[in-house]
Amino acid sequence: MECARNINLLPSDNVIIDTNVWQYIYGIEASENDYGYSDVVYEHVLGRCGIYTNNQILSEIIHSNMKIAWKRFCHENGYDLRSFDYKRQYQETDDYKRRFEYELNSVQHDILPNVEIIPIDEDIIDKSLKMSSGLKDFNDRVIVQCAIEKKAKILTHDADYKMCDSVDVISNNNAYFR
């Protein structure tokens, strides 16, 4: 475990940037209170080492940001989340269409030029299913297997990786340092 604020990555290092870090930097609620990840990514990761993602991380980024946009839309327009359905109603709005295009463009222009995509093949899925780990989120298991394959560290704010000793984790989450 490394504190993200203190990392010193070498050109030979590889990093998978987890969904939550991308969201802190480019997401709908990106702000100065990003736990220092903007500085870490821009000053210590981009252009300095191998950076990886997979299609699942990209999907999580877009989906999570769209759910946040839906909740914000409902709040701003006086809708109750239970009565204004995400799929049947929100996806038909101009707000959804604008936001979805924004998210696609952000992935295309902000993330993809800086990363190499790890294909999630049958071997990674099989190893993720058979992993002996306390990780309860299958997506996290897939990310770990991708990290193992690429000999990469995981840059994340997700404390769930605390119980995984098969990869190195870089984080600013205080839960790792208690």
# chains A, B, ... in the order shown; residues from 1 in each chain; ligands from 1

call {"tool": "select_by_dssp", "arguments": {"residues": "chain A", "states": "strand (DSSP E or B)", "output": "MDAnalysis selection string"}}
result
chainID A and resid 2:3 14:17 50:54 116:118 152:155 169:171

call {"tool": "residues_around", "arguments": {"residues": "His63 (chain A)", "least_positions_apart": "3", "cutoff": "12 Å", "atoms": "only C-alpha atoms", "output": "NGL selection string"}}
result
:A and (19 or 23 or 27-28 or 56-60 or 66-70 or 86-87 or 96 or 99-100 or 103-104 or 107)

call {"tool": "select_by_dssp", "arguments": {"residues": "region 99-143 of chain A", "states": "alpha helix (DSSP H)", "output": "VMD selection string"}}
result
chain A and resid 99 to 106 122 to 130 138 to 143

call {"tool": "write_last_selection", "arguments": {"atoms": "C-alpha atoms", "output": "PDB file, in the first residue's frame"}}
result
ATOM      1  CA  ARG A  99     -25.191  14.422 -20.523  1.00  0.00           C
ATOM      2  CA  PHE A 100     -24.722  11.065 -22.257  1.00  0.00           C
ATOM      3  CA  GLU A 101     -22.967  12.744 -25.196  1.00  0.00           C
ATOM      4  CA  TYR A 102     -20.807  14.681 -22.735  1.00  0.00           C
ATOM      5  CA  GLU A 103     -19.814  11.454 -20.949  1.00  0.00           C
ATOM      6  CA  LEU A 104     -18.989   9.678 -24.210  1.00  0.00           C
ATOM      7  CA  ASN A 105     -16.869  12.640 -25.330  1.00  0.00           C
ATOM      8  CA  SER A 106     -15.100  12.787 -21.978  1.00  0.00           C
ATOM      9  CA  GLU A 122     -12.286 -15.689 -20.708  1.00  0.00           C
ATOM     10  CA  ASP A 123      -9.070 -16.285 -18.747  1.00  0.00           C
ATOM     11  CA  ILE A 124      -9.469 -13.072 -16.724  1.00  0.00           C
ATOM     12  CA  ILE A 125     -13.120 -13.866 -16.035  1.00  0.00           C
ATOM     13  CA  ASP A 126     -12.295 -17.428 -14.998  1.00  0.00           C
ATOM     14  CA  LYS A 127      -9.522 -16.281 -12.644  1.00  0.00           C
ATOM     15  CA  SER A 128     -11.825 -13.599 -11.204  1.00  0.00           C
ATOM     16  CA  LEU A 129     -14.495 -16.191 -10.481  1.00  0.00           C
ATOM     17  CA  LYS A 130     -12.006 -18.526  -8.779  1.00  0.00           C
ATOM     18  CA  PHE A 138     -16.915  -8.973  -9.007  1.00  0.00           C
ATOM     19  CA  ASN A 139     -15.816  -5.841 -10.883  1.00  0.00           C
ATOM     20  CA  ASP A 140     -13.058  -5.345  -8.297  1.00  0.00           C
ATOM     21  CA  ARG A 141     -11.947  -8.943  -8.833  1.00  0.00           C
ATOM     22  CA  VAL A 142     -11.734  -8.339 -12.589  1.00  0.00           C
ATOM     23  CA  ILE A 143      -9.676  -5.187 -12.003  1.00  0.00           C
TER      24      ILE A 143
END

call {"tool": "atom_distance", "arguments": {"atom1": "CA of Asn6 (chain A)", "atom2": "CA of Val40 (chain A)"}}
result
8.7 Å

call {"tool": "residues_around", "arguments": {"residues": "Ile117 (chain A)", "least_positions_apart": "3", "cutoff": "7 Å", "atoms": "only C-alpha atoms", "output": "PyMOL selection string"}}
result
chain A and resi 52-54

call {"tool": "write_last_selection", "arguments": {"atoms": "all heavy atoms", "output": "JSON list (two decimals), in the first residue's frame"}}
result
[["chain", "number", "residue", "atom", "x", "y", "z"],
["A", 52, "TYR", "N", -3.44, 1.85, -17.66],
["A", 52, "TYR", "CA", -4.38, 0.89, -18.22],
["A", 52, "TYR", "C", -5.80, 1.12, -17.71],
["A", 52, "TYR", "O", -6.01, 1.68, -16.64],
["A", 52, "TYR", "CB", -3.97, -0.54, -17.86],
["A", 52, "TYR", "CG", -2.68, -0.94, -18.51],
["A", 52, "TYR", "CD1", -1.46, -0.75, -17.88],
["A", 52, "TYR", "CD2", -2.69, -1.53, -19.77],
["A", 52, "TYR", "CE1", -0.28, -1.11, -18.49],
["A", 52, "TYR", "CE2", -1.51, -1.90, -20.40],
["A", 52, "TYR", "CZ", -0.31, -1.70, -19.75],
["A", 52, "TYR", "OH", 0.86, -2.06, -20.37],
["A", 53, "THR", "N", -6.73, 0.65, -18.51],
["A", 53, "THR", "CA", -8.13, 0.56, -18.11],
["A", 53, "THR", "C", -8.71, -0.66, -18.81],
["A", 53, "THR", "O", -8.02, -1.35, -19.55],
["A", 53, "THR", "CB", -8.91, 1.84, -18.45],
["A", 53, "THR", "OG1", -10.17, 1.81, -17.80],
["A", 53, "THR", "CG2", -9.14, 1.99, -19.95],
["A", 54, "ASN", "N", -9.97, -0.93, -18.55],
["A", 54, "ASN", "CA", -10.66, -1.98, -19.30],
["A", 54, "ASN", "C", -12.07, -1.48, -19.62],
["A", 54, "ASN", "O", -12.49, -0.43, -19.13],
["A", 54, "ASN", "CB", -10.67, -3.31, -18.54],
["A", 54, "ASN", "CG", -11.35, -3.24, -17.20],
["A", 54, "ASN", "OD1", -12.37, -2.57, -17.03],
["A", 54, "ASN", "ND2", -10.81, -3.94, -16.22]]

call {"tool": "closest_residue", "arguments": {"among": "A:Ile120, A:Cys74, A:Ile17, A:Leu10", "to": "Leu155 (chain A)", "atoms": "only C-alpha atoms"}}
result
A:Ile17
